[in-house]
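What follows is a short report on a single structure.
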Amino acid sequence: QKEVEQNSGPLSVPEGAIASLNCTYSDRGSQSFFWYRQYSGKSPELIMSIYSNGDKEDGRFTAQLNKASQYVSLLIRDSQPSDSATYLCASPSGGYQKVTFGTGTKLQVIP
Amino acid sequence: GAVVSQHPSRVICKSGTSVKIECRSLDFQATTMFWYRQFPKQSLMLMATSNEGSKATYEQGVEKDKFLINHASLTLSTLTVTSAHPEDSSFYICSASFPGLGGLNNEQFFGPGTRLTVL
């Protein structure tokens, strides 16, 4: 069983809408979660980290963590075409400093 | 902060030759570096974890004699693909991590990647 799961998408939203990306995880002991953005042909870029239950906001991005339900989500407000990318959810997976990445959700923002 | 560089960004080589890829953390000391491989339209695959001054830990199915990793300093790790073959053509990405960087644990910062094409 994969430790971190995501819907591969693609998720299509119109420009200006809210994009909601979801991730579930299996390890109840996981304490930290990360969202990475990966543009086609590029390497991943860390955009959000979250450690506590609840919401964490950074600009147009909000990460939400619900440890009881074992899911973490990323909301992108006022979506822009430049947000079109694959979004990877990640969580520590044992082993020093290792993380497990989900397979990623492809987001398409339609102008 | 947390900038990781990779060199070269793109390399084309003949089958049977060896290719070395460098990964550097530019503004912090990385106790741990990771090497990933990504095939087109597929997810990241961790190849190995590299700790400064010790042998790398390879993931299951990754040939350690083919993918040689050296982490000689806190800012440099190298991956050498030995006797490369066309099936080794892929996007190789390194990342670096430092406990407590930015006050958080397990954050990894990625280099820009190296696209290897083996003819």
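We label chains A, B, ... in the order they appear in the structure tokens, count residues from 1 in each chain, and number ligands from 1 in the order shown.
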Any chance you could tabulate, as JSON lines, the residues of chain B at most 9 Å from chain A with each one's nearest atom pair and distance in Å to one decimal, using only C-alpha atoms, in chain and rising number order?
{"residue": "B:Thr32", "atom": "CA", "partner": "A:Gln97", "partner_atom": "CA", "distance": 7.3}
{"residue": "B:Phe34", "atom": "CA", "partner": "A:Lys98", "partner_atom": "CA", "distance": 8.3}
{"residue": "B:Pro40", "atom": "CA", "partner": "A:Gly41", "partner_atom": "CA", "distance": 8.5}
{"residue": "B:Lys41", "atom": "CA", "partner": "A:Ser40", "partner_atom": "CA", "distance": 8.8}
{"residue": "B:Gln42", "atom": "CA", "partner": "A:Thr103", "partner_atom": "CA", "distance": 7.6}
{"residue": "B:Ser43", "atom": "CA", "partner": "A:Thr103", "partner_atom": "CA", "distance": 5.1}
{"residue": "B:Leu44", "atom": "CA", "partner": "A:Phe101", "partner_atom": "CA", "distance": 7.3}
{"residue": "B:Met45", "atom": "CA", "partner": "A:Phe101", "partner_atom": "CA", "distance": 8.7}
{"residue": "B:Leu46", "atom": "CA", "partner": "A:Thr100", "partner_atom": "CA", "distance": 8.7}
{"residue": "B:Thr49", "atom": "CA", "partner": "A:Lys98", "partner_atom": "CA", "distance": 7.8}
{"residue": "B:Phe91", "atom": "CA", "partner": "A:Gly41", "partner_atom": "CA", "distance": 8.5}
{"residue": "B:Ile93", "atom": "CA", "partner": "A:Ser43", "partner_atom": "CA", "distance": 6.9}
{"residue": "B:Ser97", "atom": "CA", "partner": "A:Gln97", "partner_atom": "CA", "distance": 6.9}
{"residue": "B:Phe98", "atom": "CA", "partner": "A:Gln97", "partner_atom": "CA", "distance": 8.0}
{"residue": "B:Pro99", "atom": "CA", "partner": "A:Gln97", "partner_atom": "CA", "distance": 7.6}
{"residue": "B:Leu104", "atom": "CA", "partner": "A:Ser49", "partner_atom": "CA", "distance": 8.4}
{"residue": "B:Asn105", "atom": "CA", "partner": "A:Gln97", "partner_atom": "CA", "distance": 7.6}
{"residue": "B:Asn106", "atom": "CA", "partner": "A:Gln97", "partner_atom": "CA", "distance": 4.9}
{"residue": "B:Glu107", "atom": "CA", "partner": "A:Phe34", "partner_atom": "CA", "distance": 7.5}
{"residue": "B:Gln108", "atom": "CA", "partner": "A:Leu46", "partner_atom": "CA", "distance": 7.7}
{"residue": "B:Phe109", "atom": "CA", "partner": "A:Leu46", "partner_atom": "CA", "distance": 6.9}
{"residue": "B:Phe110", "atom": "CA", "partner": "A:Pro44", "partner_atom": "CA", "distance": 6.3}
{"residue": "B:Gly111", "atom": "CA", "partner": "A:Ser43", "partner_atom": "CA", "distance": 6.8}
{"residue": "B:Pro112", "atom": "CA", "partner": "A:Ser43", "partner_atom": "CA", "distance": 5.3}
{"residue": "B:Gly113", "atom": "CA", "partner": "A:Ser43", "partner_atom": "CA", "distance": 5.9}
Surrounding residues of Lys55 (chain B) excluding itself and chain neighbours under 3 positions, 12 Å, only C-alpha atoms, as number ranges by chain: B: 32-33, 48-52, 58, 64, 68-72, 77
Long-range neighbours of Arg28 (chain A) as a PyMOL selection string, 10 Å cut-off, only C-alpha atoms, 2 positions minimum in chain: chain A and resi 25-26+30-31+67-70
Would you please give, as a PDB file with N, CA and C atoms, in the first residue's frame, all residues of chain B that DSSP assigns to strand (DSSP E) based on the backbone?
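Ended up saving to part21.pdb:
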ATOM      1  N   VAL B   4      20.042  24.727  -4.505  1.00  0.00           N
ATOM      2  CA  VAL B   4      20.774  23.528  -4.902  1.00  0.00           C
ATOM      3  C   VAL B   4      21.036  23.609  -6.400  1.00  0.00           C
ATOM      4  N   SER B   5      22.273  23.389  -6.781  1.00  0.00           N
ATOM      5  CA  SER B   5      22.615  23.429  -8.206  1.00  0.00           C
ATOM      6  C   SER B   5      23.005  22.039  -8.687  1.00  0.00           C
ATOM      7  N   GLN B   6      22.874  21.819  -9.972  1.00  0.00           N
ATOM      8  CA  GLN B   6      23.278  20.577 -10.604  1.00  0.00           C
ATOM      9  C   GLN B   6      24.025  20.889 -11.883  1.00  0.00           C
ATOM     10  N   HIS B   7      24.995  20.053 -12.155  1.00  0.00           N
ATOM     11  CA  HIS B   7      25.767  20.245 -13.386  1.00  0.00           C
ATOM     12  C   HIS B   7      26.178  18.889 -13.928  1.00  0.00           C
ATOM     13  N   ARG B  10      22.239  19.151 -19.005  1.00  0.00           N
ATOM     14  CA  ARG B  10      21.865  18.231 -20.082  1.00  0.00           C
ATOM     15  C   ARG B  10      23.136  17.558 -20.587  1.00  0.00           C
ATOM     16  N   VAL B  11      23.062  16.269 -20.828  1.00  0.00           N
ATOM     17  CA  VAL B  11      24.231  15.560 -21.347  1.00  0.00           C
ATOM     18  C   VAL B  11      23.771  14.466 -22.301  1.00  0.00           C
ATOM     19  N   ILE B  12      24.512  14.371 -23.395  1.00  0.00           N
ATOM     20  CA  ILE B  12      24.279  13.308 -24.370  1.00  0.00           C
ATOM     21  C   ILE B  12      25.564  12.498 -24.462  1.00  0.00           C
ATOM     22  N   CYS B  13      25.470  11.205 -24.344  1.00  0.00           N
ATOM     23  CA  CYS B  13      26.681  10.396 -24.381  1.00  0.00           C
ATOM     24  C   CYS B  13      26.432   9.129 -25.197  1.00  0.00           C
ATOM     25  N   VAL B  19      29.070   8.807 -17.116  1.00  0.00           N
ATOM     26  CA  VAL B  19      28.675  10.206 -16.981  1.00  0.00           C
ATOM     27  C   VAL B  19      28.625  10.577 -15.505  1.00  0.00           C
ATOM     28  N   LYS B  20      29.222  11.719 -15.170  1.00  0.00           N
ATOM     29  CA  LYS B  20      29.204  12.180 -13.785  1.00  0.00           C
ATOM     30  C   LYS B  20      28.317  13.415 -13.675  1.00  0.00           C
ATOM     31  N   ILE B  21      27.453  13.399 -12.671  1.00  0.00           N
ATOM     32  CA  ILE B  21      26.561  14.528 -12.410  1.00  0.00           C
ATOM     33  C   ILE B  21      26.882  15.068 -11.020  1.00  0.00           C
ATOM     34  N   GLU B  22      27.041  16.386 -10.926  1.00  0.00           N
ATOM     35  CA  GLU B  22      27.359  17.014  -9.652  1.00  0.00           C
ATOM     36  C   GLU B  22      26.135  17.715  -9.062  1.00  0.00           C
ATOM     37  N   CYS B  23      26.017  17.629  -7.758  1.00  0.00           N
ATOM     38  CA  CYS B  23      24.939  18.297  -7.034  1.00  0.00           C
ATOM     39  C   CYS B  23      25.572  19.096  -5.901  1.00  0.00           C
ATOM     40  N   ARG B  24      25.284  20.379  -5.863  1.00  0.00           N
ATOM     41  CA  ARG B  24      25.875  21.242  -4.837  1.00  0.00           C
ATOM     42  C   ARG B  24      24.795  22.027  -4.094  1.00  0.00           C
ATOM     43  N   SER B  25      24.930  22.086  -2.783  1.00  0.00           N
ATOM     44  CA  SER B  25      24.103  22.998  -1.995  1.00  0.00           C
ATOM     45  C   SER B  25      24.906  24.286  -1.871  1.00  0.00           C
ATOM     46  N   THR B  32      22.461  15.514   4.261  1.00  0.00           N
ATOM     47  CA  THR B  32      21.903  14.426   3.465  1.00  0.00           C
ATOM     48  C   THR B  32      21.503  14.930   2.090  1.00  0.00           C
ATOM     49  N   MET B  33      21.872  14.179   1.087  1.00  0.00           N
ATOM     50  CA  MET B  33      21.445  14.465  -0.280  1.00  0.00           C
ATOM     51  C   MET B  33      20.789  13.216  -0.856  1.00  0.00           C
ATOM     52  N   PHE B  34      19.882  13.454  -1.770  1.00  0.00           N
ATOM     53  CA  PHE B  34      19.125  12.367  -2.372  1.00  0.00           C
ATOM     54  C   PHE B  34      19.250  12.434  -3.883  1.00  0.00           C
ATOM     55  N   TRP B  35      19.225  11.266  -4.491  1.00  0.00           N
ATOM     56  CA  TRP B  35      19.220  11.201  -5.953  1.00  0.00           C
ATOM     57  C   TRP B  35      17.952  10.506  -6.414  1.00  0.00           C
ATOM     58  N   TYR B  36      17.270  11.188  -7.333  1.00  0.00           N
ATOM     59  CA  TYR B  36      16.028  10.678  -7.895  1.00  0.00           C
ATOM     60  C   TYR B  36      16.184  10.514  -9.401  1.00  0.00           C
ATOM     61  N   ARG B  37      15.313   9.687  -9.941  1.00  0.00           N
ATOM     62  CA  ARG B  37      15.229   9.545 -11.395  1.00  0.00           C
ATOM     63  C   ARG B  37      13.751   9.679 -11.760  1.00  0.00           C
ATOM     64  N   GLN B  38      13.518  10.308 -12.882  1.00  0.00           N
ATOM     65  CA  GLN B  38      12.132  10.481 -13.308  1.00  0.00           C
ATOM     66  C   GLN B  38      12.042  10.249 -14.806  1.00  0.00           C
ATOM     67  N   MET B  45      11.343   8.771  -8.621  1.00  0.00           N
ATOM     68  CA  MET B  45      11.762   7.506  -8.028  1.00  0.00           C
ATOM     69  C   MET B  45      13.066   7.737  -7.284  1.00  0.00           C
ATOM     70  N   LEU B  46      13.049   7.523  -5.978  1.00  0.00           N
ATOM     71  CA  LEU B  46      14.259   7.679  -5.191  1.00  0.00           C
ATOM     72  C   LEU B  46      15.232   6.569  -5.537  1.00  0.00           C
ATOM     73  N   MET B  47      16.459   6.971  -5.849  1.00  0.00           N
ATOM     74  CA  MET B  47      17.484   5.987  -6.166  1.00  0.00           C
ATOM     75  C   MET B  47      18.330   5.678  -4.939  1.00  0.00           C
ATOM     76  N   ALA B  48      18.753   6.735  -4.241  1.00  0.00           N
ATOM     77  CA  ALA B  48      19.670   6.524  -3.127  1.00  0.00           C
ATOM     78  C   ALA B  48      19.680   7.740  -2.225  1.00  0.00           C
ATOM     79  N   THR B  49      20.073   7.483  -0.988  1.00  0.00           N
ATOM     80  CA  THR B  49      20.268   8.526   0.015  1.00  0.00           C
ATOM     81  C   THR B  49      21.749   8.606   0.324  1.00  0.00           C
ATOM     82  N   SER B  50      22.259   9.809   0.304  1.00  0.00           N
ATOM     83  CA  SER B  50      23.693  10.012   0.440  1.00  0.00           C
ATOM     84  C   SER B  50      23.990  10.882   1.655  1.00  0.00           C
ATOM     85  N   ASN B  51      24.759  10.359   2.572  1.00  0.00           N
ATOM     86  CA  ASN B  51      25.178  11.124   3.739  1.00  0.00           C
ATOM     87  C   ASN B  51      26.666  11.422   3.663  1.00  0.00           C
ATOM     88  N   THR B  57      23.040   4.857   0.686  1.00  0.00           N
ATOM     89  CA  THR B  57      22.045   3.806   0.872  1.00  0.00           C
ATOM     90  C   THR B  57      21.162   3.763  -0.363  1.00  0.00           C
ATOM     91  N   TYR B  58      21.176   2.641  -1.040  1.00  0.00           N
ATOM     92  CA  TYR B  58      20.454   2.508  -2.298  1.00  0.00           C
ATOM     93  C   TYR B  58      19.081   1.885  -2.071  1.00  0.00           C
ATOM     94  N   PHE B  67      25.368   2.883 -10.493  1.00  0.00           N
ATOM     95  CA  PHE B  67      25.125   4.271 -10.105  1.00  0.00           C
ATOM     96  C   PHE B  67      25.977   4.574  -8.865  1.00  0.00           C
ATOM     97  N   LEU B  68      27.158   5.116  -9.124  1.00  0.00           N
ATOM     98  CA  LEU B  68      28.109   5.368  -8.054  1.00  0.00           C
ATOM     99  C   LEU B  68      27.853   6.746  -7.453  1.00  0.00           C
ATOM    100  N   ILE B  69      27.706   6.764  -6.147  1.00  0.00           N
ATOM    101  CA  ILE B  69      27.426   8.025  -5.464  1.00  0.00           C
ATOM    102  C   ILE B  69      28.538   8.320  -4.482  1.00  0.00           C
ATOM    103  N   ASN B  70      29.006   9.557  -4.540  1.00  0.00           N
ATOM    104  CA  ASN B  70      30.031  10.026  -3.625  1.00  0.00           C
ATOM    105  C   ASN B  70      29.574  11.324  -2.986  1.00  0.00           C
ATOM    106  N   HIS B  71      29.660  11.385  -1.661  1.00  0.00           N
ATOM    107  CA  HIS B  71      29.247  12.600  -0.943  1.00  0.00           C
ATOM    108  C   HIS B  71      30.436  13.030  -0.101  1.00  0.00           C
ATOM    109  N   ALA B  72      31.394  13.653  -0.774  1.00  0.00           N
ATOM    110  CA  ALA B  72      32.689  13.908  -0.151  1.00  0.00           C
ATOM    111  C   ALA B  72      32.683  15.093   0.806  1.00  0.00           C
ATOM    112  N   SER B  73      31.745  15.998   0.627  1.00  0.00           N
ATOM    113  CA  SER B  73      31.699  17.159   1.504  1.00  0.00           C
ATOM    114  C   SER B  73      30.246  17.500   1.804  1.00  0.00           C
ATOM    115  N   LEU B  76      28.639  18.907  -1.567  1.00  0.00           N
ATOM    116  CA  LEU B  76      28.790  18.278  -2.875  1.00  0.00           C
ATOM    117  C   LEU B  76      28.525  16.781  -2.822  1.00  0.00           C
ATOM    118  N   SER B  77      27.657  16.354  -3.716  1.00  0.00           N
ATOM    119  CA  SER B  77      27.445  14.923  -3.944  1.00  0.00           C
ATOM    120  C   SER B  77      27.512  14.685  -5.446  1.00  0.00           C
ATOM    121  N   THR B  78      28.076  13.556  -5.843  1.00  0.00           N
ATOM    122  CA  THR B  78      28.144  13.238  -7.261  1.00  0.00           C
ATOM    123  C   THR B  78      27.510  11.884  -7.533  1.00  0.00           C
ATOM    124  N   LEU B  79      26.884  11.802  -8.691  1.00  0.00           N
ATOM    125  CA  LEU B  79      26.310  10.545  -9.185  1.00  0.00           C
ATOM    126  C   LEU B  79      27.007  10.223 -10.490  1.00  0.00           C
ATOM    127  N   THR B  80      27.618   9.046 -10.568  1.00  0.00           N
ATOM    128  CA  THR B  80      28.239   8.611 -11.807  1.00  0.00           C
ATOM    129  C   THR B  80      27.467   7.428 -12.363  1.00  0.00           C
ATOM    130  N   VAL B  81      26.969   7.601 -13.569  1.00  0.00           N
ATOM    131  CA  VAL B  81      26.285   6.507 -14.261  1.00  0.00           C
ATOM    132  C   VAL B  81      27.353   5.793 -15.068  1.00  0.00           C
ATOM    133  N   SER B  90      17.189   9.404 -18.834  1.00  0.00           N
ATOM    134  CA  SER B  90      16.167   9.829 -17.888  1.00  0.00           C
ATOM    135  C   SER B  90      16.502  11.226 -17.385  1.00  0.00           C
ATOM    136  N   PHE B  91      15.645  11.732 -16.518  1.00  0.00           N
ATOM    137  CA  PHE B  91      15.856  13.009 -15.840  1.00  0.00           C
ATOM    138  C   PHE B  91      16.331  12.686 -14.431  1.00  0.00           C
ATOM    139  N   TYR B  92      17.563  13.063 -14.113  1.00  0.00           N
ATOM    140  CA  TYR B  92      18.133  12.768 -12.806  1.00  0.00           C
ATOM    141  C   TYR B  92      18.108  14.049 -11.971  1.00  0.00           C
ATOM    142  N   ILE B  93      17.545  13.937 -10.792  1.00  0.00           N
ATOM    143  CA  ILE B  93      17.375  15.114  -9.941  1.00  0.00           C
ATOM    144  C   ILE B  93      17.948  14.833  -8.559  1.00  0.00           C
ATOM    145  N   CYS B  94      18.727  15.774  -8.052  1.00  0.00           N
ATOM    146  CA  CYS B  94      19.209  15.626  -6.684  1.00  0.00           C
ATOM    147  C   CYS B  94      18.417  16.560  -5.773  1.00  0.00           C
ATOM    148  N   SER B  95      18.438  16.245  -4.511  1.00  0.00           N
ATOM    149  CA  SER B  95      17.857  17.150  -3.523  1.00  0.00           C
ATOM    150  C   SER B  95      18.740  17.138  -2.283  1.00  0.00           C
ATOM    151  N   ALA B  96      18.613  18.164  -1.499  1.00  0.00           N
ATOM    152  CA  ALA B  96      19.420  18.285  -0.287  1.00  0.00           C
ATOM    153  C   ALA B  96      18.521  18.609   0.883  1.00  0.00           C
ATOM    154  N   SER B  97      18.925  18.111   2.029  1.00  0.00           N
ATOM    155  CA  SER B  97      18.125  18.293   3.231  1.00  0.00           C
ATOM    156  C   SER B  97      19.043  18.579   4.397  1.00  0.00           C
ATOM    157  N   PHE B 109      15.136  20.250  -0.808  1.00  0.00           N
ATOM    158  CA  PHE B 109      15.247  21.301  -1.815  1.00  0.00           C
ATOM    159  C   PHE B 109      15.945  20.700  -3.028  1.00  0.00           C
ATOM    160  N   PHE B 110      15.299  20.824  -4.161  1.00  0.00           N
ATOM    161  CA  PHE B 110      15.747  20.131  -5.356  1.00  0.00           C
ATOM    162  C   PHE B 110      16.653  20.976  -6.225  1.00  0.00           C
ATOM    163  N   THR B 114      19.194  16.990 -14.258  1.00  0.00           N
ATOM    164  CA  THR B 114      20.089  16.721 -15.380  1.00  0.00           C
ATOM    165  C   THR B 114      19.393  15.756 -16.323  1.00  0.00           C
ATOM    166  N   ARG B 115      19.251  16.173 -17.548  1.00  0.00           N
ATOM    167  CA  ARG B 115      18.608  15.298 -18.529  1.00  0.00           C
ATOM    168  C   ARG B 115      19.683  14.517 -19.267  1.00  0.00           C
ATOM    169  N   LEU B 116      19.691  13.220 -19.072  1.00  0.00           N
ATOM    170  CA  LEU B 116      20.688  12.336 -19.684  1.00  0.00           C
ATOM    171  C   LEU B 116      20.074  11.604 -20.857  1.00  0.00           C
ATOM    172  N   THR B 117      20.752  11.695 -21.988  1.00  0.00           N
ATOM    173  CA  THR B 117      20.364  10.938 -23.177  1.00  0.00           C
ATOM    174  C   THR B 117      21.536  10.060 -23.577  1.00  0.00           C
ATOM    175  N   VAL B 118      21.299   8.764 -23.629  1.00  0.00           N
ATOM    176  CA  VAL B 118      22.342   7.816 -24.017  1.00  0.00           C
ATOM    177  C   VAL B 118      22.009   7.286 -25.410  1.00  0.00           C
TER     178      VAL B 118
END
